[in-house]
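Source file: upload-v5.cif; contents: mmCIF, C-alpha atoms.
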data_upload
loop_
_atom_site.label_atom_id
_atom_site.label_comp_id
_atom_site.auth_asym_id
_atom_site.auth_seq_id
_atom_site.Cartn_x
_atom_site.Cartn_y
_atom_site.Cartn_z
CA MET K 1499 12.41 10.29 -52.87
CA THR K 1500 9.06 8.86 -54.01
CA VAL K 1501 6.46 9.60 -51.34
CA VAL K 1502 3.78 6.95 -50.77
CA ALA K 1503 0.55 8.87 -51.39
CA ASP K 1504 -1.99 6.27 -50.26
CA LEU K 1505 -0.47 5.46 -46.87
CA ARG K 1506 -3.10 4.82 -44.21
CA VAL K 1507 -2.86 3.86 -40.55
CA ARG K 1508 -5.07 1.39 -38.67
CA PRO K 1509 -5.02 -0.67 -35.46
CA ALA K 1510 -3.44 -4.11 -35.76
CA VAL K 1511 -5.68 -7.19 -36.04
CA PRO K 1512 -4.85 -10.89 -35.46
CA ALA K 1513 -4.31 -11.45 -39.19
CA ASP K 1514 -1.34 -9.02 -39.07
CA TYR K 1515 0.77 -11.38 -36.96
CA SER K 1516 2.70 -12.95 -39.85
CA ALA K 1517 3.54 -9.53 -41.31
CA PHE K 1518 4.57 -8.34 -37.86
CA ILE K 1519 7.00 -11.27 -37.54
CA ARG K 1520 8.40 -10.63 -41.02
CA LEU K 1521 9.06 -6.96 -40.35
CA ARG K 1522 10.23 -7.49 -36.77
CA GLU K 1523 13.22 -9.45 -38.05
CA GLU K 1524 14.55 -6.14 -39.43
CA LEU K 1525 15.15 -4.96 -35.85
CA GLY K 1526 17.95 -7.49 -35.30
CA VAL K 1527 17.31 -7.61 -31.56
CA PRO K 1528 18.25 -10.54 -29.26
CA ASP K 1529 14.88 -11.08 -27.61
CA ALA K 1530 12.61 -13.76 -28.99
CA ALA K 1531 9.45 -12.78 -30.86
CA PRO K 1532 6.16 -13.26 -29.00
CA ASP K 1533 3.96 -16.13 -30.09
CA PRO K 1534 0.54 -15.29 -31.61
CA ASP K 1535 -1.33 -15.56 -28.31
CA ASP K 1536 1.15 -13.37 -26.43
CA TRP K 1537 1.15 -10.83 -29.26
CA GLU K 1538 -2.62 -10.58 -29.31
CA ARG K 1539 -2.84 -10.33 -25.52
CA ASP K 1540 0.07 -7.98 -24.78
CA ARG K 1541 0.96 -6.01 -27.92
CA MET K 1542 -1.68 -5.99 -30.63
CA ARG K 1543 -3.80 -3.29 -28.97
CA ASP K 1544 -0.86 -0.87 -28.99
CA THR K 1545 0.40 -1.75 -32.47
CA ARG K 1546 -0.39 0.44 -35.45
CA CYS K 1547 -0.15 -0.86 -39.01
CA PHE K 1548 0.56 1.30 -42.04
CA ASP K 1549 -0.83 0.08 -45.37
CA ALA K 1550 -0.07 1.19 -48.92
CA GLY K 1551 -1.39 -0.41 -52.08
CA GLY K 1552 -3.08 -3.14 -50.09
CA ARG K 1553 0.15 -4.17 -48.37
CA LEU K 1554 1.37 -3.66 -44.81
CA VAL K 1555 4.52 -1.57 -45.31
CA ALA K 1556 5.31 -0.50 -41.74
CA TYR K 1557 4.26 -1.00 -38.15
CA ALA K 1558 4.85 0.70 -34.81
CA TYR K 1559 4.41 -0.68 -31.32
CA PHE K 1560 4.26 1.57 -28.26
CA GLU K 1561 3.39 1.58 -24.57
CA ILE K 1562 1.83 4.43 -22.61
CA PHE K 1563 2.98 5.16 -19.07
CA GLU K 1564 0.74 8.01 -17.93
CA ALA K 1565 2.24 11.09 -19.63
CA LEU K 1566 5.03 9.19 -21.44
CA GLY K 1567 4.66 7.44 -24.78
CA TYR K 1568 7.38 4.79 -25.08
CA VAL K 1569 7.83 3.66 -28.70
CA ARG K 1570 9.20 0.11 -28.65
CA ASN K 1571 9.32 -0.73 -32.38
CA VAL K 1572 9.25 1.25 -35.60
CA VAL K 1573 9.85 -0.84 -38.72
CA VAL K 1574 9.45 0.06 -42.40
CA ASP K 1575 9.50 -2.68 -45.03
CA PRO K 1576 12.92 -2.48 -46.76
CA ALA K 1577 11.20 -2.38 -50.16
CA PHE K 1578 9.38 0.83 -49.17
CA ARG K 1579 12.16 2.80 -47.52
CA GLN K 1580 13.33 6.24 -48.66
CA ARG K 1581 9.72 7.23 -49.41
CA GLY K 1582 8.92 9.29 -46.33
CA ILE K 1583 7.06 6.48 -44.56
CA GLY K 1584 9.23 6.53 -41.43
CA ARG K 1585 8.65 10.24 -41.00
CA GLU K 1586 4.90 9.84 -41.42
CA VAL K 1587 4.90 6.97 -38.90
CA MET K 1588 6.57 9.21 -36.32
CA ARG K 1589 4.15 12.07 -37.01
CA GLU K 1590 1.17 9.75 -36.63
CA LEU K 1591 2.52 8.29 -33.39
CA ALA K 1592 3.00 11.80 -32.02
CA ARG K 1593 -0.60 12.68 -32.91
CA GLN K 1594 -2.03 9.55 -31.32
CA LEU K 1595 0.09 9.73 -28.18
CA ARG K 1596 -0.72 13.39 -27.68
CA ALA K 1597 -4.42 12.58 -28.03
CA ALA K 1598 -3.96 9.90 -25.35
CA GLY K 1599 -2.63 12.53 -22.94
CA CYS K 1600 1.11 11.96 -23.36
CA ARG K 1601 3.40 14.96 -23.01
CA GLU K 1602 6.65 13.21 -23.94
CA LEU K 1603 7.84 10.60 -26.44
CA CYS K 1604 10.85 8.30 -26.09
CA LEU K 1605 12.46 5.34 -27.83
CA ASN K 1606 15.69 3.37 -28.12
CA VAL K 1607 17.76 3.05 -31.29
CA LYS K 1608 20.88 1.05 -32.08
CA ARG K 1609 23.96 3.25 -31.91
CA SER K 1610 24.98 1.92 -35.34
CA ASN K 1611 21.63 2.70 -37.04
CA ASP K 1612 22.54 6.00 -38.66
CA ALA K 1613 19.45 6.13 -40.89
CA ALA K 1614 17.04 5.74 -37.96
CA ILE K 1615 18.97 8.27 -35.91
CA ARG K 1616 18.71 10.81 -38.74
CA LEU K 1617 14.96 10.17 -38.91
CA TYR K 1618 14.39 10.63 -35.18
CA GLU K 1619 16.51 13.76 -35.00
CA SER K 1620 14.71 15.18 -38.04
CA VAL K 1621 11.39 15.07 -36.15
CA GLY K 1622 12.85 16.79 -33.09
CA MET K 1623 14.04 13.92 -30.91
CA ARG K 1624 17.26 14.35 -28.96
CA ARG K 1625 19.72 11.90 -27.45
CA ALA K 1626 19.27 11.52 -23.68
CA TYR K 1627 21.54 8.66 -22.58
CA GLN K 1628 23.02 5.29 -23.52
CA SER K 1629 21.76 1.82 -22.63
CA ALA K 1630 23.02 -1.70 -23.18
CA SER K 1631 21.76 -5.28 -23.32
CA LEU K 1632 24.18 -7.78 -21.81
CA ARG K 1633 24.18 -11.57 -21.65
CA PHE K 1634 25.31 -12.63 -18.18
CA ASP K 1635 26.33 -16.14 -17.14
CA TRP K 1636 24.84 -17.01 -13.75
CA ARG K 1637 28.13 -18.64 -12.72
CA ARG K 1638 29.88 -15.24 -12.78
CA ILE K 1639 27.70 -13.58 -10.14
CA ASP K 1640 30.37 -13.62 -7.43
CA GLU K 1641 32.81 -11.87 -9.80
CA ILE K 1642 30.80 -8.62 -9.81
CA ARG K 1643 32.99 -6.10 -8.03
CA ASP K 1644 33.51 -2.36 -7.73
CA GLU K 1645 36.37 -0.24 -6.46
CA ALA K 1646 34.48 1.20 -3.52
CA GLN K 1647 33.75 -0.82 -0.43
CA THR K 1648 30.11 -1.88 -0.61
CA PRO K 1649 27.81 -3.57 1.90
CA SER K 1650 27.89 -7.34 2.19
CA ALA K 1651 25.33 -9.01 -0.04
CA ASP K 1652 24.60 -11.45 2.78
CA ARG K 1653 22.96 -8.68 4.81
CA MET K 1654 20.75 -7.32 2.05
CA SER K 1655 17.06 -8.22 1.88
CA ILE K 1656 14.89 -9.09 -1.11
CA LEU K 1657 11.48 -7.53 -1.60
CA SER K 1658 8.80 -8.84 -3.97
CA VAL K 1659 7.42 -5.59 -5.37
CA LEU K 1660 3.68 -5.24 -4.85
CA ALA K 1661 1.37 -2.60 -6.33
CA GLU K 1662 1.67 -0.53 -3.14
CA HIS K 1663 5.44 -0.29 -3.73
CA ASP K 1664 5.29 0.89 -7.35
CA THR K 1665 5.59 4.64 -6.84
CA TRP K 1666 8.39 4.16 -4.31
CA VAL K 1667 10.42 2.00 -6.70
CA GLU K 1668 9.74 4.08 -9.81
CA ARG K 1669 10.81 7.31 -8.13
CA ARG K 1670 13.95 5.74 -6.66
CA PHE K 1671 15.22 4.50 -10.02
CA GLY K 1672 13.75 7.13 -12.33
CA LEU K 1673 11.42 4.68 -14.07
CA PRO K 1674 8.34 5.75 -16.04
CA SER K 1675 5.28 6.05 -13.81
CA GLY K 1676 3.08 3.05 -14.53
CA LEU K 1677 5.89 0.80 -15.82
CA LEU K 1678 5.69 -1.65 -12.92
CA ALA K 1679 1.93 -1.99 -13.17
CA ALA K 1680 2.26 -2.78 -16.87
CA ARG K 1681 4.96 -5.38 -16.22
CA ARG K 1682 2.91 -6.99 -13.46
CA ARG K 1683 0.07 -7.62 -15.91
CA ARG K 1684 2.29 -9.81 -18.07
CA ASP K 1685 2.30 -13.53 -17.33
CA GLY K 1686 5.60 -14.87 -16.01
CA THR K 1687 7.03 -11.51 -14.93
CA LEU K 1688 8.53 -11.14 -11.44
CA LEU K 1689 9.36 -7.79 -9.82
CA PHE K 1690 12.21 -7.84 -7.30
CA ALA K 1691 13.84 -5.09 -5.25
CA VAL K 1692 16.84 -5.13 -2.90
CA CYS K 1693 16.93 -3.12 0.33
CA GLU K 1694 20.06 -1.76 1.99
CA PRO K 1695 21.05 -3.55 5.24
CA GLN K 1696 21.48 -0.34 7.24
CA ALA K 1697 18.14 1.11 6.12
CA PRO K 1698 15.41 -1.36 5.11
CA GLY K 1699 13.44 1.44 3.50
CA ALA K 1700 16.34 2.39 1.20
CA LEU K 1701 16.25 0.60 -2.15
CA ALA K 1702 19.53 -0.52 -3.68
CA ALA K 1703 18.40 -2.52 -6.73
CA PHE K 1704 15.40 -3.44 -8.85
CA ALA K 1705 14.61 -5.77 -11.75
CA SER K 1706 11.58 -6.67 -13.82
CA PHE K 1707 12.38 -10.30 -14.64
CA ASP K 1708 10.49 -11.97 -17.50
CA LEU K 1709 10.74 -15.73 -16.96
CA GLU K 1710 9.41 -16.65 -20.41
CA PHE K 1711 11.89 -14.38 -22.15
CA GLY K 1712 14.73 -15.03 -19.71
CA GLY K 1713 15.61 -11.39 -19.34
CA ALA K 1714 15.41 -8.38 -17.03
CA PHE K 1715 14.28 -5.01 -18.38
CA PRO K 1716 15.42 -2.97 -16.70
CA LEU K 1717 18.02 -4.03 -14.12
CA CYS K 1718 19.04 -1.23 -11.74
CA ALA K 1719 21.63 -1.48 -8.95
CA ALA K 1720 23.27 1.15 -6.77
CA ASN K 1721 26.36 -0.98 -6.05
CA ALA K 1722 28.00 -4.31 -6.79
CA ALA K 1723 26.62 -6.06 -3.69
CA ALA K 1724 23.07 -5.11 -4.64
CA ALA K 1725 23.61 -6.38 -8.18
CA ARG K 1726 24.92 -9.70 -6.86
CA THR K 1727 21.98 -10.05 -4.47
CA LEU K 1728 19.44 -9.28 -7.18
CA LEU K 1729 20.96 -11.64 -9.76
CA THR K 1730 21.23 -14.41 -7.17
CA ARG K 1731 17.49 -14.13 -6.48
CA MET K 1732 16.71 -14.12 -10.18
CA ARG K 1733 18.79 -17.26 -10.65
CA VAL K 1734 16.69 -19.05 -8.02
CA ALA K 1735 13.58 -18.17 -10.03
CA ALA K 1736 15.08 -19.60 -13.25
CA PRO K 1737 17.09 -22.67 -12.17
CA GLU K 1738 17.12 -24.31 -15.61
CA SER K 1739 18.69 -21.40 -17.47
CA GLU K 1740 22.44 -20.87 -17.83
CA SER K 1741 22.38 -17.12 -18.33
CA VAL K 1742 20.18 -14.05 -18.31
CA LEU K 1743 19.80 -11.09 -20.66
CA VAL K 1744 19.79 -7.80 -18.75
CA VAL K 1745 19.14 -4.25 -19.90
CA ILE K 1746 21.16 -1.53 -18.16
CA GLU K 1747 19.76 1.96 -18.70
CA ASN K 1748 21.80 5.13 -18.25
CA ASP K 1749 24.29 3.46 -15.90
CA PRO K 1750 27.74 3.03 -17.52
CA ARG K 1751 29.23 2.12 -14.11
CA LEU K 1752 26.97 -0.91 -13.66
CA GLU K 1753 27.44 -1.85 -17.31
CA GLN K 1754 31.22 -1.86 -16.87
CA GLN K 1755 30.98 -3.87 -13.64
CA LEU K 1756 29.03 -6.61 -15.40
CA LEU K 1757 31.34 -6.57 -18.41
CA ALA K 1758 34.34 -6.88 -16.08
CA ALA K 1759 32.64 -9.91 -14.52
CA GLY K 1760 32.38 -11.61 -17.90
CA ALA K 1761 29.10 -10.35 -19.35
CA GLU K 1762 28.76 -10.35 -23.15
CA SER K 1763 27.68 -7.15 -24.86
CA VAL K 1764 24.65 -7.98 -27.02
CA LEU K 1765 23.15 -4.62 -27.99
CA GLN K 1766 24.18 -0.99 -27.57
CA VAL K 1767 21.52 1.69 -27.95
CA TRP K 1768 20.90 5.40 -27.58
CA HIS K 1769 17.80 6.56 -25.73
CA TYR K 1770 16.04 9.44 -27.49
CA ARG K 1771 13.31 11.72 -26.12
CA ALA K 1772 11.14 14.59 -27.32
CA SER K 1773 8.40 16.83 -26.03
CA LEU K 1774 5.08 16.17 -27.75
CA SER K 1775 4.60 19.79 -28.70
CA GLU K 1776 3.17 20.72 -32.06
CA GLU K 1777 6.51 22.27 -33.04
CA VAL K 1778 8.42 19.03 -32.51
CA SER K 1779 6.06 16.41 -33.82
CA GLU K 1780 4.91 18.25 -36.94
CA THR K 1781 8.32 19.55 -38.04
#
I'd like the structure from this file rewritten - as structure tokens, please.
Amino acid sequence: MTVVADLRVRPAVPADYSAFIRLREELGVPDAAPDPDDWERDRMRDTRCFDAGGRLVAYAYFEIFEALGYVRNVVVDPAFRQRGIGREVMRELARQLRAAGCRELCLNVKRSNDAAIRLYESVGMRRAYQSASLRFDWRRIDEIRDEAQTPSADRMSILSVLAEHDTWVERRFGLPSGLLAARRRRDGTLLFAVCEPQAPGALAAFASFDLEFGGAFPLCAANAAAARTLLTRMRVAAPESESVLVVIENDPRLEQQLLAAGAESVLQVWHYRASLSEEVSET
């Protein structure tokens, strides 16, 4: 392996957008790329570029949710792979996230991406759970079923999640603290929750629905009725679309319910995590 000796890291600038788009295609993900304005507003600040020989050879994009650093993209130019760049990217991210006060690092990786999995495990990351992206046709909402008897969707109530609800929702569904606030800052994002009919204070479902992207990340539901209620409300918000892309995290039961109702599997990933200790990040 030929190590790139002159690799340097820097914050992204507007002129990096075209290189970002070129490298982002290597991810092979279903979501559309942000346009230049959206990238500069929502992602550029948290994107790090890695240059070698005057060329951008890798980039990483992350979000910080209080003590958690969530790495969204890590891409190395195919012409510069097998030179230790990916490992150095992960080390640099660990250093920067630790300096920002993060105590833990996480990311998602395609289950079929053996090379990336080897990289992440080599720097101390460990598999935590599985997640899936599914394409769901709105017309199949009423086909979502489960074996257990669940409350009637007609009696469930919809809540538009306000800032005062964030901690309540995040704790209920095990979401990173600060995730909802970050989603709320994005234009065209709606936050919905579903309350149980017997106990209005008991949450049964939640979704962060991005109207521009046409997807929900994540979508959480305790039962089939809650999932139907939530998707029905999302459909009202996007009447011109025929389907929605939803991300189901660490919930094989809900994933199987949607697949049984006709959802199409788009992407299968493993979720990896690591403590940001010196031993892990500098291995």
Selection near stretch 1672-1684 of chain K, 7 Å with all atoms listed in the file, sequence-local residues under 3 positions removed, as a PyMOL selection string = chain K and resi 1563-1564+1661+1664+1668-1669+1687
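The two atoms in question, atom CA of K:Glu1619 and atom CA of K:Ala1577, are spaced 22.8 Å apart.
For the structure in this document, the set picked by the PyMOL selection byres ((chain K and resi 1732) around 10) is Trp1636, Leu1688, Leu1689, Phe1690, Ala1705, Ser1706, Phe1707, Asp1708, Leu1709, Gly1712, Gly1713, Ala1714, Arg1726, Thr1727, Leu1728, Leu1729, Thr1730, Arg1731, Arg1733, Val1734, Ala1735, Ala1736, Pro1737 and Val1742 of chain K.
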Residues near K:Tyr1557, anyone? I mean within 9 Å using all atoms listed in the file, not counting same-chain ones fewer than 5 positions away, as a PDB file with C-alpha atoms, keeping the file's coordinate frame.
ATOM      1  CA  VAL K1507      -2.860   3.860 -40.550  1.00  0.00           C
ATOM      2  CA  ALA K1510      -3.440  -4.110 -35.760  1.00  0.00           C
ATOM      3  CA  PHE K1518       4.570  -8.340 -37.860  1.00  0.00           C
ATOM      4  CA  LEU K1521       9.060  -6.960 -40.350  1.00  0.00           C
ATOM      5  CA  ARG K1522      10.230  -7.490 -36.770  1.00  0.00           C
ATOM      6  CA  THR K1545       0.400  -1.750 -32.470  1.00  0.00           C
ATOM      7  CA  ARG K1546      -0.390   0.440 -35.450  1.00  0.00           C
ATOM      8  CA  CYS K1547      -0.150  -0.860 -39.010  1.00  0.00           C
ATOM      9  CA  PHE K1548       0.560   1.300 -42.040  1.00  0.00           C
ATOM     10  CA  ASP K1549      -0.830   0.080 -45.370  1.00  0.00           C
ATOM     11  CA  ASN K1571       9.320  -0.730 -32.380  1.00  0.00           C
ATOM     12  CA  VAL K1572       9.250   1.250 -35.600  1.00  0.00           C
ATOM     13  CA  VAL K1573       9.850  -0.840 -38.720  1.00  0.00           C
ATOM     14  CA  VAL K1574       9.450   0.060 -42.400  1.00  0.00           C
ATOM     15  CA  ASP K1575       9.500  -2.680 -45.030  1.00  0.00           C
ATOM     16  CA  VAL K1587       4.900   6.970 -38.900  1.00  0.00           C
TER      17      VAL K1587
END
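Residue membership of the PyMOL selection byres ((chain K and resi 1754) around 12) in the shown file amounts to Ser1629, Ala1630, Ser1631, Leu1632, Ile1642, Arg1643, Asp1644, Glu1645, Asn1721, Ala1722, Ile1746, Asn1748, Asp1749, Pro1750, Arg1751, Leu1752, Glu1753, Gln1755, Leu1756, Leu1757, Ala1758, Ala1759, Gly1760, Ala1761, Glu1762 and Ser1763 of chain K.
Interatomic distance, atom CA of K:Arg1506 against atom CA of K:Glu1561: 20.9 Å.
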Which residues, protein or nucleic acid, reach to within 10 Å of (10.5, 1.7, 0.9) in the file's coordinates when using only C-alpha atoms, and can you give that as an NGL selection string?
-> :K and (1657 or 1662-1667 or 1670 or 1691 or 1693 or 1697-1701)
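Remark: for K:Pro1532, the closest of the candidate residues K:Leu1743, K:Phe1711, K:Tyr1568, K:Trp1768 is K:Phe1711 (distances computed over all atoms listed in the file).
Atom to atom, atom CA of K:Val1607 and atom CA of K:Tyr1770 stand 7.6 Å apart.
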